[in-house]
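Colleague: Can you read through this structure? Questions will come right after.
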Amino acid sequence: MNDDQLLRYSRQILLPQVGVEGQERLMRSRVLVVGAGGLGSPVALYLAAAGVGELAIADFDRVDLTNLQRQILHATDRIGTPKVGSAAWTLGALNPEVRVIPIARHLEGELLAAEVAKADVVVDGSDNFATRFAVNAACVAAGRPLVSGAVVRWEGQVSVFADRPEAPCYRCLYGASGEVDDTCTNNGVLGPVAGIVGTIQATEALKLLTGAGATLSGRLLLVDALEMRFRILALTKDPHCPVCAPAA
């Protein structure tokens with residue numbers, strides 16, 4: 001680590017749970033961020049600022065005017081451009097030492113499996129259950145920890161899944177269900193609530209990468225920003241989960 005890096009990251013290096021060793025771990029790590037929207041924006045910004053070595057960002061969408069109220073990676077002059085390109089520009093300006101890998105494709109099948117396998121941590125900021133289920137299954141198969149977040153209206157949730165064999169996965173929580181219309185497009189969302197949830201996701205990812213503290217594995221953090229209340233629910237592994245239950 002050179003002098004500029006020691007200065008750039010000095011405030012988190014001062015944390016005994018991080019230190020120089022933890023910072024070097026971050027700089028050698030790769031994180032896959034699924035989605036460059038309301039959740040992926042604060043996640044990517046804070047991970048880049050913290051010095052994560054490689055950020056692979058997957059999103060096949062383009063910047064729309066309706067995104068700008070909450071998707072802080074993007075700007076008005078980038079409307080109509082690919083979100084991953086916009087994200088790479090913003091993150092490069094923030095921290096040019098971070099290698100941003102834009103993936104302007106829908107992550108599925110072999111591509112999803114390959115990208116998850118290359119990552120040290122996966123952060124899911126997608127907005128639909130089909131993608132969340134697919135990302136979860138890929139993380140379980142590859143043995144990669146998954147930081148999952150969701151937000152709608154004034155509410156959000158965050159948890160960590162698949163980080164150890166005895167921990168529940170996302171499918172343990174939701175089974176095969178999922179409200180297909182429970183999205184920001186149909187229900188609205190307050191921008192800062194996405195920021196709260198995404199920032200917590202970034203914090204959990206940094207803890208996983210450095211080994212600091214206790215993560216939300218086995219716990220579901222629920223955010224009610226309208227009343228400004230936080231609750232934590234205990235999660236248990238489903239012994240019959242079709243994704244993570246041991247084969248009979």
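Naming works like this for the structure tokens: A, B, ... for the chains as they're shown, residue 1 at the start of each chain, ligands 1 onward in shown order.
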Using only C-alpha atoms, which protein or nucleic acid residues come within 10 Å of Asp163 of chain A? Drop anything in the same chain fewer than 6 positions from it, and give the result as a PyMOL selection string.

Modeller: chain A and resi 121+139-140+143-147+169+208+215+217-218

Colleague: So which bits of segment 24-134 of chain A end up strand (DSSP E or B) when you DSSP the backbone, as a list of chain:residue names?

Modeller: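 Reading the DSSP output for segment 24-134 of chain A, strand (DSSP E or B) covers A:Arg30, A:Val31, A:Leu32, A:Val33, A:Val34, A:Glu54, A:Leu55, A:Ala56, A:Ile57, A:Ala58, A:Arg62, A:Pro82, A:Arg99, A:Val100, A:Ile101, A:Pro102, A:Ile103, A:Val121, A:Val122, A:Val123, A:Asp124.
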
Colleague: Pick out the residues sitting within 9 Å of Gly40 of chain A, and hand them over as a list in words; count only C-alpha atoms, and ignore anything fewer than 2 positions along from it in its own chain.

Modeller: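 These residues fall inside the cut-off: Val33, Val34, Gly35, Ala36, Gly37, Gly38, Pro42, Val43, Ala44, Leu45, Ile57, Gln71, Leu73, Val123, Asp124, Gly125, Ser126 and Gly198 of chain A.
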
Colleague: Can you spit out the residues from that selection as a JSON list (two decimals), in the first residue's frame, using all heavy atoms?

Modeller:
```
[["chain", "number", "residue", "atom", "x", "y", "z"],
["A", 33, "VAL", "N", -22.21, -6.62, -7.87],
["A", 33, "VAL", "CA", -23.40, -5.85, -7.50],
["A", 33, "VAL", "C", -24.45, -6.08, -8.59],
["A", 33, "VAL", "O", -24.23, -5.73, -9.75],
["A", 33, "VAL", "CB", -23.10, -4.35, -7.37],
["A", 33, "VAL", "CG1", -24.35, -3.58, -6.98],
["A", 33, "VAL", "CG2", -21.99, -4.12, -6.34],
["A", 34, "VAL", "N", -25.56, -6.68, -8.21],
["A", 34, "VAL", "CA", -26.63, -6.96, -9.16],
["A", 34, "VAL", "C", -27.63, -5.81, -9.10],
["A", 34, "VAL", "O", -28.36, -5.65, -8.12],
["A", 34, "VAL", "CB", -27.32, -8.30, -8.84],
["A", 34, "VAL", "CG1", -28.41, -8.59, -9.87],
["A", 34, "VAL", "CG2", -26.31, -9.43, -8.80],
["A", 35, "GLY", "N", -27.63, -4.99, -10.15],
["A", 35, "GLY", "CA", -28.52, -3.84, -10.19],
["A", 35, "GLY", "C", -27.79, -2.55, -9.90],
["A", 35, "GLY", "O", -27.07, -2.45, -8.90],
["A", 36, "ALA", "N", -27.97, -1.57, -10.78],
["A", 36, "ALA", "CA", -27.34, -0.25, -10.59],
["A", 36, "ALA", "C", -28.43, 0.79, -10.38],
["A", 36, "ALA", "O", -28.39, 1.88, -10.94],
["A", 36, "ALA", "CB", -26.48, 0.11, -11.80],
["A", 37, "GLY", "N", -29.43, 0.43, -9.56],
["A", 37, "GLY", "CA", -30.56, 1.30, -9.32],
["A", 37, "GLY", "C", -30.54, 1.92, -7.94],
["A", 37, "GLY", "O", -29.50, 2.34, -7.44],
["A", 38, "GLY", "N", -31.71, 1.95, -7.30],
["A", 38, "GLY", "CA", -31.84, 2.62, -6.01],
["A", 38, "GLY", "C", -30.99, 2.01, -4.92],
["A", 38, "GLY", "O", -30.46, 2.72, -4.06],
["A", 42, "PRO", "N", -26.07, 3.35, -3.82],
["A", 42, "PRO", "CA", -25.28, 3.57, -2.60],
["A", 42, "PRO", "C", -24.32, 2.43, -2.31],
["A", 42, "PRO", "O", -23.23, 2.66, -1.78],
["A", 42, "PRO", "CB", -26.34, 3.71, -1.50],
["A", 42, "PRO", "CG", -27.58, 3.09, -2.06],
["A", 42, "PRO", "CD", -27.52, 3.31, -3.53],
["A", 43, "VAL", "N", -24.72, 1.20, -2.66],
["A", 43, "VAL", "CA", -23.81, 0.06, -2.45],
["A", 43, "VAL", "C", -22.51, 0.29, -3.22],
["A", 43, "VAL", "O", -21.41, 0.22, -2.66],
["A", 43, "VAL", "CB", -24.47, -1.26, -2.93],
["A", 43, "VAL", "CG1", -23.43, -2.37, -3.03],
["A", 43, "VAL", "CG2", -25.59, -1.67, -1.99],
["A", 44, "ALA", "N", -22.62, 0.56, -4.51],
["A", 44, "ALA", "CA", -21.43, 0.72, -5.35],
["A", 44, "ALA", "C", -20.60, 1.93, -4.92],
["A", 44, "ALA", "O", -19.37, 1.87, -4.90],
["A", 44, "ALA", "CB", -21.84, 0.85, -6.82],
["A", 45, "LEU", "N", -21.26, 3.03, -4.59],
["A", 45, "LEU", "CA", -20.53, 4.22, -4.18],
["A", 45, "LEU", "C", -19.71, 3.98, -2.92],
["A", 45, "LEU", "O", -18.53, 4.35, -2.85],
["A", 45, "LEU", "CB", -21.51, 5.38, -3.97],
["A", 45, "LEU", "CG", -22.05, 6.04, -5.24],
["A", 45, "LEU", "CD1", -23.28, 6.87, -4.93],
["A", 45, "LEU", "CD2", -20.98, 6.91, -5.90],
["A", 57, "ILE", "N", -20.55, -4.74, -11.96],
["A", 57, "ILE", "CA", -21.90, -4.19, -11.82],
["A", 57, "ILE", "C", -22.75, -4.65, -12.99],
["A", 57, "ILE", "O", -22.43, -4.38, -14.15],
["A", 57, "ILE", "CB", -21.87, -2.66, -11.74],
["A", 57, "ILE", "CG1", -20.98, -2.23, -10.56],
["A", 57, "ILE", "CG2", -23.27, -2.09, -11.60],
["A", 57, "ILE", "CD1", -20.85, -0.73, -10.41],
["A", 71, "GLN", "N", -31.70, 6.97, -7.69],
["A", 71, "GLN", "CA", -30.56, 6.22, -8.22],
["A", 71, "GLN", "C", -29.38, 7.17, -8.40],
["A", 71, "GLN", "O", -29.10, 7.69, -9.47],
["A", 71, "GLN", "CB", -30.95, 5.52, -9.52],
["A", 71, "GLN", "CG", -32.10, 4.53, -9.30],
["A", 71, "GLN", "CD", -32.48, 3.75, -10.54],
["A", 71, "GLN", "OE1", -31.74, 3.71, -11.52],
["A", 71, "GLN", "NE2", -33.65, 3.12, -10.51],
["A", 73, "LEU", "N", -26.24, 7.09, -8.57],
["A", 73, "LEU", "CA", -25.09, 6.86, -9.45],
["A", 73, "LEU", "C", -25.19, 7.67, -10.73],
["A", 73, "LEU", "O", -24.19, 7.92, -11.41],
["A", 73, "LEU", "CB", -24.99, 5.38, -9.83],
["A", 73, "LEU", "CG", -24.19, 4.44, -8.92],
["A", 73, "LEU", "CD1", -24.36, 3.01, -9.41],
["A", 73, "LEU", "CD2", -22.72, 4.83, -8.87],
["A", 123, "VAL", "N", -23.81, -8.75, -3.87],
["A", 123, "VAL", "CA", -24.81, -7.84, -3.30],
["A", 123, "VAL", "C", -25.95, -7.73, -4.28],
["A", 123, "VAL", "O", -25.77, -7.30, -5.42],
["A", 123, "VAL", "CB", -24.22, -6.45, -3.00],
["A", 123, "VAL", "CG1", -25.28, -5.57, -2.34],
["A", 123, "VAL", "CG2", -22.99, -6.55, -2.11],
["A", 124, "ASP", "N", -27.14, -8.12, -3.85],
["A", 124, "ASP", "CA", -28.31, -8.12, -4.73],
["A", 124, "ASP", "C", -29.15, -6.87, -4.48],
["A", 124, "ASP", "O", -29.73, -6.71, -3.41],
["A", 124, "ASP", "CB", -29.15, -9.38, -4.48],
["A", 124, "ASP", "CG", -30.32, -9.50, -5.45],
["A", 124, "ASP", "OD1", -30.44, -8.65, -6.36],
["A", 124, "ASP", "OD2", -31.12, -10.43, -5.30],
["A", 125, "GLY", "N", -29.20, -6.02, -5.49],
["A", 125, "GLY", "CA", -30.05, -4.82, -5.43],
["A", 125, "GLY", "C", -31.12, -4.86, -6.49],
["A", 125, "GLY", "O", -31.60, -3.81, -6.92],
["A", 126, "SER", "N", -31.51, -6.07, -6.92],
["A", 126, "SER", "CA", -32.53, -6.20, -7.97],
["A", 126, "SER", "C", -33.91, -5.91, -7.40],
["A", 126, "SER", "O", -34.10, -5.81, -6.19],
["A", 126, "SER", "CB", -32.49, -7.60, -8.59],
["A", 126, "SER", "OG", -32.79, -8.59, -7.63],
["A", 198, "GLY", "N", -29.48, 0.45, 1.04],
["A", 198, "GLY", "CA", -28.26, 0.21, 0.27],
["A", 198, "GLY", "C", -27.01, 0.45, 1.09],
["A", 198, "GLY", "O", -26.01, -0.28, 0.96]]
```

Colleague: What does the structure give for the distance between atom CA of Met228 of chain A and atom CA of Leu206 of chain A, in Å to one decimal?

Modeller: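 Rounded to one decimal, the two atoms are 24.5 Å apart.
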
Colleague: Just how far from atom CA of Ala202 of chain A is atom CA of Val100 of chain A, in Å to one decimal?

Modeller: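 Separation of atom CA of Val100 of chain A and atom CA of Ala202 of chain A: 16.0 Å.
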
Colleague: Rank nothing, just name the residue among A:Gly211, A:Ala114, A:Arg28, A:Ala48 nearest to Pro16 of chain A, using only C-alpha atoms.

Modeller: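 Using only C-alpha atoms, Pro16 of chain A sits closest to A:Gly211.
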
Colleague: Atom CA of Ile72 of chain A to atom CA of Ser41 of chain A: how many Å, to one decimal?

Modeller: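 A separation of 5.7 Å between them.
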
Colleague: If we count only C-alpha atoms, what is near segment 83-87 of chain A at a cut-off of 7 Å, once residues fewer than 3 positions away on the same chain are taken out, given as an MDAnalysis selection string?

Modeller: chainID A and resid 36 57:59 61:63 73:74 78 90:91 102:104
